[in-house]
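Pasted below: upload_7.cif, mmCIF, N, CA and C atoms.
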```cif
data_input
#
loop_
_atom_site.group_PDB
_atom_site.id
_atom_site.type_symbol
_atom_site.label_atom_id
_atom_site.label_comp_id
_atom_site.auth_asym_id
_atom_site.auth_seq_id
_atom_site.Cartn_x
_atom_site.Cartn_y
_atom_site.Cartn_z
ATOM 1 N N MET A 119 10.340 16.290 9.889
ATOM 2 C CA MET A 119 9.767 16.315 8.563
ATOM 3 C C MET A 119 9.669 14.897 8.022
ATOM 4 N N SER A 120 8.572 14.605 7.364
ATOM 5 C CA SER A 120 8.314 13.271 6.835
ATOM 6 C C SER A 120 9.131 13.010 5.566
ATOM 7 N N THR A 121 9.567 11.773 5.393
ATOM 8 C CA THR A 121 10.260 11.408 4.159
ATOM 9 C C THR A 121 9.266 11.021 3.076
ATOM 10 N N TRP A 122 8.003 10.952 3.456
ATOM 11 C CA TRP A 122 6.944 10.594 2.511
ATOM 12 C C TRP A 122 6.341 11.840 1.894
ATOM 13 N N GLY A 123 6.079 11.776 0.609
ATOM 14 C CA GLY A 123 5.356 12.841 -0.077
ATOM 15 C C GLY A 123 3.924 12.399 -0.257
ATOM 16 N N THR A 124 3.386 12.606 -1.444
ATOM 17 C CA THR A 124 2.072 12.089 -1.782
ATOM 18 C C THR A 124 2.217 11.224 -3.032
ATOM 19 N N ALA A 125 1.282 10.315 -3.224
ATOM 20 C CA ALA A 125 1.320 9.445 -4.397
ATOM 21 C C ALA A 125 -0.084 8.980 -4.719
ATOM 22 N N LYS A 126 -0.328 8.721 -5.973
ATOM 23 C CA LYS A 126 -1.610 8.171 -6.402
ATOM 24 C C LYS A 126 -1.705 6.718 -5.932
ATOM 25 N N ALA A 127 -2.916 6.297 -5.614
ATOM 26 C CA ALA A 127 -3.142 4.936 -5.123
ATOM 27 C C ALA A 127 -2.674 3.891 -6.129
ATOM 28 N N LYS A 128 -2.848 4.164 -7.408
ATOM 29 C CA LYS A 128 -2.422 3.217 -8.444
ATOM 30 C C LYS A 128 -0.913 2.981 -8.372
ATOM 31 N N ARG A 129 -0.159 4.042 -8.124
ATOM 32 C CA ARG A 129 1.299 3.942 -8.020
ATOM 33 C C ARG A 129 1.713 3.194 -6.752
ATOM 34 N N VAL A 130 1.009 3.438 -5.650
ATOM 35 C CA VAL A 130 1.317 2.751 -4.390
ATOM 36 C C VAL A 130 1.042 1.255 -4.529
ATOM 37 N N LEU A 131 -0.100 0.910 -5.141
ATOM 38 C CA LEU A 131 -0.420 -0.504 -5.348
ATOM 39 C C LEU A 131 0.636 -1.175 -6.227
ATOM 40 N N ALA A 132 1.059 -0.500 -7.283
ATOM 41 C CA ALA A 132 2.095 -1.053 -8.162
ATOM 42 C C ALA A 132 3.398 -1.271 -7.386
ATOM 43 N N ALA A 133 3.739 -0.345 -6.493
ATOM 44 C CA ALA A 133 4.955 -0.486 -5.684
ATOM 45 C C ALA A 133 4.835 -1.677 -4.737
ATOM 46 N N LEU A 134 3.651 -1.845 -4.136
ATOM 47 C CA LEU A 134 3.442 -2.984 -3.235
ATOM 48 C C LEU A 134 3.578 -4.305 -3.996
ATOM 49 N N LEU A 135 3.009 -4.356 -5.182
ATOM 50 C CA LEU A 135 3.128 -5.569 -5.995
ATOM 51 C C LEU A 135 4.585 -5.795 -6.387
ATOM 52 N N GLY A 136 5.316 -4.708 -6.592
ATOM 53 C CA GLY A 136 6.729 -4.799 -6.956
ATOM 54 C C GLY A 136 7.623 -5.325 -5.844
ATOM 55 N N ILE A 137 7.203 -5.151 -4.587
ATOM 56 C CA ILE A 137 8.034 -5.655 -3.476
ATOM 57 C C ILE A 137 7.548 -7.010 -2.963
ATOM 58 N N GLY A 138 6.657 -7.650 -3.717
ATOM 59 C CA GLY A 138 6.297 -9.023 -3.378
ATOM 60 C C GLY A 138 4.886 -9.272 -2.898
ATOM 61 N N TRP A 139 4.067 -8.241 -2.749
ATOM 62 C CA TRP A 139 2.681 -8.444 -2.349
ATOM 63 C C TRP A 139 1.884 -8.930 -3.553
ATOM 64 N N VAL A 140 0.895 -9.764 -3.321
ATOM 65 C CA VAL A 140 0.002 -10.235 -4.385
ATOM 66 C C VAL A 140 -1.438 -9.992 -3.953
ATOM 67 N N VAL A 141 -2.301 -9.774 -4.948
ATOM 68 C CA VAL A 141 -3.720 -9.567 -4.660
ATOM 69 C C VAL A 141 -4.338 -10.935 -4.420
ATOM 70 N N LYS A 142 -4.769 -11.164 -3.199
ATOM 71 C CA LYS A 142 -5.363 -12.437 -2.804
ATOM 72 C C LYS A 142 -6.819 -12.513 -3.269
ATOM 73 N N ARG A 143 -7.561 -11.401 -3.059
ATOM 74 C CA ARG A 143 -8.932 -11.299 -3.554
ATOM 75 C C ARG A 143 -9.336 -9.830 -3.586
ATOM 76 N N GLU A 144 -10.438 -9.556 -4.280
ATOM 77 C CA GLU A 144 -10.931 -8.191 -4.436
ATOM 78 C C GLU A 144 -12.419 -8.127 -4.187
ATOM 79 N N ALA A 145 -12.868 -7.001 -3.662
ATOM 80 C CA ALA A 145 -14.292 -6.702 -3.536
ATOM 81 C C ALA A 145 -14.416 -5.195 -3.754
ATOM 82 N N SER A 146 -14.879 -4.797 -4.904
ATOM 83 C CA SER A 146 -14.964 -3.402 -5.361
ATOM 84 C C SER A 146 -13.595 -2.730 -5.237
ATOM 85 N N SER A 147 -13.462 -1.666 -4.446
ATOM 86 C CA SER A 147 -12.171 -0.973 -4.360
ATOM 87 C C SER A 147 -11.262 -1.567 -3.284
ATOM 88 N N HIS A 148 -11.724 -2.561 -2.554
ATOM 89 C CA HIS A 148 -10.918 -3.194 -1.505
ATOM 90 C C HIS A 148 -10.149 -4.375 -2.086
ATOM 91 N N LYS A 149 -8.842 -4.331 -1.923
ATOM 92 C CA LYS A 149 -7.993 -5.437 -2.369
ATOM 93 C C LYS A 149 -7.305 -6.016 -1.142
ATOM 94 N N ILE A 150 -7.424 -7.319 -0.966
ATOM 95 C CA ILE A 150 -6.750 -7.989 0.139
ATOM 96 C C ILE A 150 -5.422 -8.488 -0.423
ATOM 97 N N LEU A 151 -4.335 -7.962 0.136
ATOM 98 C CA LEU A 151 -3.000 -8.313 -0.336
ATOM 99 C C LEU A 151 -2.363 -9.301 0.631
ATOM 100 N N SER A 152 -1.560 -10.194 0.099
ATOM 101 C CA SER A 152 -0.848 -11.132 0.965
ATOM 102 C C SER A 152 0.605 -11.228 0.529
ATOM 103 N N ARG A 153 1.424 -11.577 1.507
ATOM 104 C CA ARG A 153 2.858 -11.744 1.283
ATOM 105 C C ARG A 153 3.364 -12.701 2.352
ATOM 106 N N THR A 154 4.274 -13.555 1.972
ATOM 107 C CA THR A 154 4.838 -14.522 2.903
ATOM 108 C C THR A 154 5.441 -13.807 4.111
ATOM 109 N N ASP A 155 5.164 -14.338 5.289
ATOM 110 C CA ASP A 155 5.682 -13.831 6.569
ATOM 111 C C ASP A 155 5.116 -12.474 6.983
ATOM 112 N N TRP A 156 4.058 -12.015 6.361
ATOM 113 C CA TRP A 156 3.372 -10.770 6.722
ATOM 114 C C TRP A 156 1.894 -11.064 6.875
ATOM 115 N N PRO A 157 1.206 -10.385 7.778
ATOM 116 C CA PRO A 157 -0.257 -10.549 7.831
ATOM 117 C C PRO A 157 -0.893 -9.911 6.600
ATOM 118 N N ASN A 158 -2.067 -10.382 6.217
ATOM 119 C CA ASN A 158 -2.777 -9.803 5.074
ATOM 120 C C ASN A 158 -2.993 -8.314 5.303
ATOM 121 N N TYR A 159 -3.051 -7.567 4.198
ATOM 122 C CA TYR A 159 -3.258 -6.121 4.281
ATOM 123 C C TYR A 159 -4.407 -5.745 3.354
ATOM 124 N N VAL A 160 -5.346 -4.953 3.859
ATOM 125 C CA VAL A 160 -6.476 -4.498 3.053
ATOM 126 C C VAL A 160 -6.112 -3.142 2.455
ATOM 127 N N PHE A 161 -6.020 -3.082 1.136
ATOM 128 C CA PHE A 161 -5.731 -1.844 0.411
ATOM 129 C C PHE A 161 -7.063 -1.332 -0.112
ATOM 130 N N ALA A 162 -7.567 -0.245 0.468
ATOM 131 C CA ALA A 162 -8.931 0.225 0.189
ATOM 132 C C ALA A 162 -8.946 1.616 -0.425
ATOM 133 N N PHE A 163 -8.316 1.769 -1.585
ATOM 134 C CA PHE A 163 -8.255 3.061 -2.249
ATOM 135 C C PHE A 163 -8.668 2.918 -3.710
ATOM 136 N N HIS A 164 -9.258 3.975 -4.248
ATOM 137 C CA HIS A 164 -9.560 4.021 -5.672
ATOM 138 C C HIS A 164 -8.291 4.437 -6.413
ATOM 139 N N GLU A 165 -8.132 3.986 -7.654
ATOM 140 C CA GLU A 165 -6.886 4.193 -8.391
ATOM 141 C C GLU A 165 -6.446 5.651 -8.486
ATOM 142 N N GLY A 166 -7.356 6.574 -8.716
ATOM 143 C CA GLY A 166 -6.985 7.968 -8.909
ATOM 144 C C GLY A 166 -6.834 8.761 -7.627
ATOM 145 N N GLU A 167 -7.107 8.146 -6.498
ATOM 146 C CA GLU A 167 -7.068 8.842 -5.213
ATOM 147 C C GLU A 167 -5.632 9.168 -4.804
ATOM 148 N N GLU A 168 -5.439 10.372 -4.274
ATOM 149 C CA GLU A 168 -4.123 10.808 -3.788
ATOM 150 C C GLU A 168 -3.959 10.365 -2.332
ATOM 151 N N ILE A 169 -2.848 9.717 -2.029
ATOM 152 C CA ILE A 169 -2.574 9.262 -0.666
ATOM 153 C C ILE A 169 -1.496 10.170 -0.082
ATOM 154 N N GLY A 170 -1.785 10.732 1.085
ATOM 155 C CA GLY A 170 -0.882 11.684 1.723
ATOM 156 C C GLY A 170 0.212 11.017 2.538
ATOM 157 N N PRO A 171 1.125 11.833 3.070
ATOM 158 C CA PRO A 171 2.283 11.304 3.796
ATOM 159 C C PRO A 171 1.944 10.500 5.040
ATOM 160 N N ARG A 172 0.933 10.922 5.802
ATOM 161 C CA ARG A 172 0.594 10.171 7.026
ATOM 162 C C ARG A 172 0.064 8.784 6.694
ATOM 163 N N MET A 173 -0.778 8.686 5.676
ATOM 164 C CA MET A 173 -1.316 7.388 5.289
ATOM 165 C C MET A 173 -0.228 6.522 4.655
ATOM 166 N N LEU A 174 0.666 7.120 3.889
ATOM 167 C CA LEU A 174 1.775 6.349 3.322
ATOM 168 C C LEU A 174 2.671 5.786 4.426
ATOM 169 N N ALA A 175 2.903 6.562 5.472
ATOM 170 C CA ALA A 175 3.699 6.072 6.603
ATOM 171 C C ALA A 175 2.992 4.910 7.283
ATOM 172 N N ARG A 176 1.674 5.004 7.419
ATOM 173 C CA ARG A 176 0.904 3.916 8.031
ATOM 174 C C ARG A 176 0.954 2.662 7.156
ATOM 175 N N ILE A 177 0.796 2.830 5.850
ATOM 176 C CA ILE A 177 0.881 1.694 4.925
ATOM 177 C C ILE A 177 2.272 1.062 5.043
ATOM 178 N N SER A 178 3.288 1.894 5.156
ATOM 179 C CA SER A 178 4.662 1.419 5.271
ATOM 180 C C SER A 178 4.864 0.524 6.486
ATOM 181 N N ARG A 179 4.314 0.938 7.615
ATOM 182 C CA ARG A 179 4.453 0.136 8.846
ATOM 183 C C ARG A 179 3.832 -1.248 8.695
ATOM 184 N N HIS A 180 2.763 -1.353 7.934
ATOM 185 C CA HIS A 180 2.062 -2.629 7.793
ATOM 186 C C HIS A 180 2.559 -3.486 6.634
ATOM 187 N N THR A 181 3.293 -2.877 5.685
ATOM 188 C CA THR A 181 3.655 -3.616 4.477
ATOM 189 C C THR A 181 5.145 -3.665 4.180
ATOM 190 N N GLY A 182 5.941 -2.829 4.837
ATOM 191 C CA GLY A 182 7.367 -2.785 4.538
ATOM 192 C C GLY A 182 7.712 -1.892 3.359
ATOM 193 N N LEU A 183 6.772 -1.129 2.855
ATOM 194 C CA LEU A 183 7.015 -0.214 1.749
ATOM 195 C C LEU A 183 7.962 0.901 2.188
ATOM 196 N N LYS A 184 8.874 1.295 1.314
ATOM 197 C CA LYS A 184 9.828 2.371 1.606
ATOM 198 C C LYS A 184 9.649 3.466 0.572
ATOM 199 N N PRO A 185 10.014 4.714 0.906
ATOM 200 C CA PRO A 185 9.861 5.817 -0.054
ATOM 201 C C PRO A 185 10.562 5.533 -1.391
ATOM 202 N N GLU A 186 11.695 4.880 -1.352
ATOM 203 C CA GLU A 186 12.406 4.603 -2.606
ATOM 204 C C GLU A 186 11.714 3.542 -3.474
ATOM 205 N N ASP A 187 10.751 2.795 -2.899
ATOM 206 C CA ASP A 187 9.985 1.816 -3.685
ATOM 207 C C ASP A 187 8.990 2.501 -4.619
ATOM 208 N N LEU A 188 8.624 3.735 -4.274
ATOM 209 C CA LEU A 188 7.691 4.470 -5.126
ATOM 210 C C LEU A 188 8.456 5.029 -6.270
#
```

Can the structure in the file be given as structure tokens, please?
Amino acid sequence: MSTWGTAKAKRVLAALLGIGWVVKREASSHKILSRTDWPNYVFAFHEGEEIGPRMLARISRHTGLKPEDL
């Protein structure tokens, strides 16, 4: 069973910013995030969109996000 639930994209982005990611640049709904010692990450979700557990797990692998950060 997954430890991830679902979350709105706006909440996930806020959590990423809270753990040290910054928006490097934007193009419509695509935000390029950067963080020291991590490769850039493209966050491509609209604010009201619901992100499911599988996608949250994938985001976690690339960004270091943890369920408790949400």

Point-to-point distance from atom N of Ala145 (chain A) to atom C of Gly182 (chain A), Å rounded to tenths: 22.3 Å

Point-to-point distance in Å for atom C of Ser147 (chain A) and atom C of Ala162 (chain A):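 Computed distance, atom C of Ala162 (chain A) to atom C of Ser147 (chain A), equals 4.9 Å.
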
Output check: residues returned by the PyMOL selection byres ((chain A and resi 161) around 8), as a VMD selection string: chain A and resid 131 147 to 151 158 to 160 162 to 164

d(atom N of Ala127 (chain A), atom C of Arg172 (chain A)) in Å: 12.9 Å

Box dimensions and centre (Å, one decimal) enclosing region 132-148 of chain A, axis-aligned, 6 Å extra per side, as JSON:
```
{"center_x": -3.5, "center_y": -6.4, "center_z": -4.8, "size_x": 35.0, "size_y": 24.2, "size_z": 18.7}
```

Best match for closeness to Lys128 (chain A) among A:Lys184, A:Gly166, A:Arg143, A:Ile177, counting only N, CA and C atoms: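 Going through A:Lys184, A:Gly166, A:Arg143, A:Ile177 one by one, the smallest distance to Lys128 (chain A) is for A:Gly166.
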
Answer as an NGL selection string, residues within 8 Å of (-1.8, -14.7, 0.9) using only C-alpha atoms: :A and (140-142 or 151-154 or 158)

Nearby residues (only N, CA and C atoms) at most 8 Å from Leu183 (chain A), same-chain spacing under 3 positions excluded, as a count of residues only: 11

Any chance you could build region 134-145 of chain A out to all heavy atoms and write it as a short mmCIF file (atom, residue, chain, number, x, y, z; two decimals), in the coordinates of the input?
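Writing done, so here's result_21.cif:
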```cif
data_model
loop_
_atom_site.label_atom_id
_atom_site.label_comp_id
_atom_site.auth_asym_id
_atom_site.auth_seq_id
_atom_site.Cartn_x
_atom_site.Cartn_y
_atom_site.Cartn_z
N LEU A 134 3.65 -1.84 -4.14
CA LEU A 134 3.44 -2.98 -3.24
C LEU A 134 3.58 -4.30 -4.00
O LEU A 134 4.20 -5.25 -3.51
CB LEU A 134 2.07 -2.89 -2.56
CG LEU A 134 1.94 -1.80 -1.50
CD1 LEU A 134 0.49 -1.66 -1.07
CD2 LEU A 134 2.83 -2.09 -0.31
N LEU A 135 3.01 -4.36 -5.18
CA LEU A 135 3.13 -5.57 -6.00
C LEU A 135 4.58 -5.80 -6.39
O LEU A 135 5.05 -6.93 -6.45
CB LEU A 135 2.24 -5.47 -7.23
CG LEU A 135 0.73 -5.40 -6.97
CD1 LEU A 135 -0.03 -5.20 -8.26
CD2 LEU A 135 0.23 -6.61 -6.22
N GLY A 136 5.32 -4.71 -6.59
CA GLY A 136 6.73 -4.80 -6.96
C GLY A 136 7.62 -5.32 -5.84
O GLY A 136 8.69 -5.88 -6.11
N ILE A 137 7.20 -5.15 -4.59
CA ILE A 137 8.03 -5.66 -3.48
C ILE A 137 7.55 -7.01 -2.96
O ILE A 137 7.98 -7.46 -1.90
CB ILE A 137 8.13 -4.64 -2.31
CG1 ILE A 137 6.78 -4.36 -1.67
CG2 ILE A 137 8.83 -3.37 -2.76
CD1 ILE A 137 6.86 -3.58 -0.36
N GLY A 138 6.66 -7.65 -3.72
CA GLY A 138 6.30 -9.02 -3.38
C GLY A 138 4.89 -9.27 -2.90
O GLY A 138 4.52 -10.41 -2.62
N TRP A 139 4.07 -8.24 -2.75
CA TRP A 139 2.68 -8.44 -2.35
C TRP A 139 1.88 -8.93 -3.55
O TRP A 139 2.19 -8.57 -4.69
CB TRP A 139 2.08 -7.15 -1.81
CG TRP A 139 2.62 -6.78 -0.47
CD1 TRP A 139 3.72 -6.02 -0.22
CD2 TRP A 139 2.11 -7.17 0.80
NE1 TRP A 139 3.93 -5.91 1.13
CE2 TRP A 139 2.96 -6.61 1.78
CE3 TRP A 139 1.03 -7.93 1.21
CZ2 TRP A 139 2.74 -6.80 3.14
CZ3 TRP A 139 0.82 -8.11 2.56
CH2 TRP A 139 1.67 -7.56 3.51
N VAL A 140 0.90 -9.76 -3.32
CA VAL A 140 0.00 -10.24 -4.38
C VAL A 140 -1.44 -9.99 -3.95
O VAL A 140 -1.75 -10.01 -2.77
CB VAL A 140 0.20 -11.74 -4.71
CG1 VAL A 140 1.57 -11.98 -5.32
CG2 VAL A 140 0.01 -12.59 -3.49
N VAL A 141 -2.30 -9.77 -4.95
CA VAL A 141 -3.72 -9.57 -4.66
C VAL A 141 -4.34 -10.94 -4.42
O VAL A 141 -4.39 -11.78 -5.32
CB VAL A 141 -4.44 -8.84 -5.82
CG1 VAL A 141 -5.91 -8.69 -5.51
CG2 VAL A 141 -3.80 -7.48 -6.06
N LYS A 142 -4.77 -11.16 -3.20
CA LYS A 142 -5.36 -12.44 -2.80
C LYS A 142 -6.82 -12.51 -3.27
O LYS A 142 -7.26 -13.52 -3.79
CB LYS A 142 -5.28 -12.57 -1.29
CG LYS A 142 -5.68 -13.90 -0.73
CD LYS A 142 -5.40 -13.90 0.78
CE LYS A 142 -5.74 -15.22 1.40
NZ LYS A 142 -5.43 -15.21 2.85
N ARG A 143 -7.56 -11.40 -3.06
CA ARG A 143 -8.93 -11.30 -3.55
C ARG A 143 -9.34 -9.83 -3.59
O ARG A 143 -8.67 -8.98 -3.01
CB ARG A 143 -9.89 -12.12 -2.72
CG ARG A 143 -10.05 -11.70 -1.29
CD ARG A 143 -11.01 -12.65 -0.54
NE ARG A 143 -11.22 -12.19 0.80
CZ ARG A 143 -10.45 -12.47 1.83
NH1 ARG A 143 -9.40 -13.24 1.66
NH2 ARG A 143 -10.72 -12.01 3.04
N GLU A 144 -10.44 -9.56 -4.28
CA GLU A 144 -10.93 -8.19 -4.44
C GLU A 144 -12.42 -8.13 -4.19
O GLU A 144 -13.14 -9.06 -4.49
CB GLU A 144 -10.71 -7.69 -5.86
CG GLU A 144 -9.31 -7.37 -6.23
CD GLU A 144 -9.23 -6.80 -7.63
OE1 GLU A 144 -9.89 -5.78 -7.89
OE2 GLU A 144 -8.52 -7.40 -8.44
N ALA A 145 -12.87 -7.00 -3.66
CA ALA A 145 -14.29 -6.70 -3.54
C ALA A 145 -14.42 -5.20 -3.75
O ALA A 145 -14.03 -4.41 -2.89
CB ALA A 145 -14.82 -7.10 -2.17
#
```
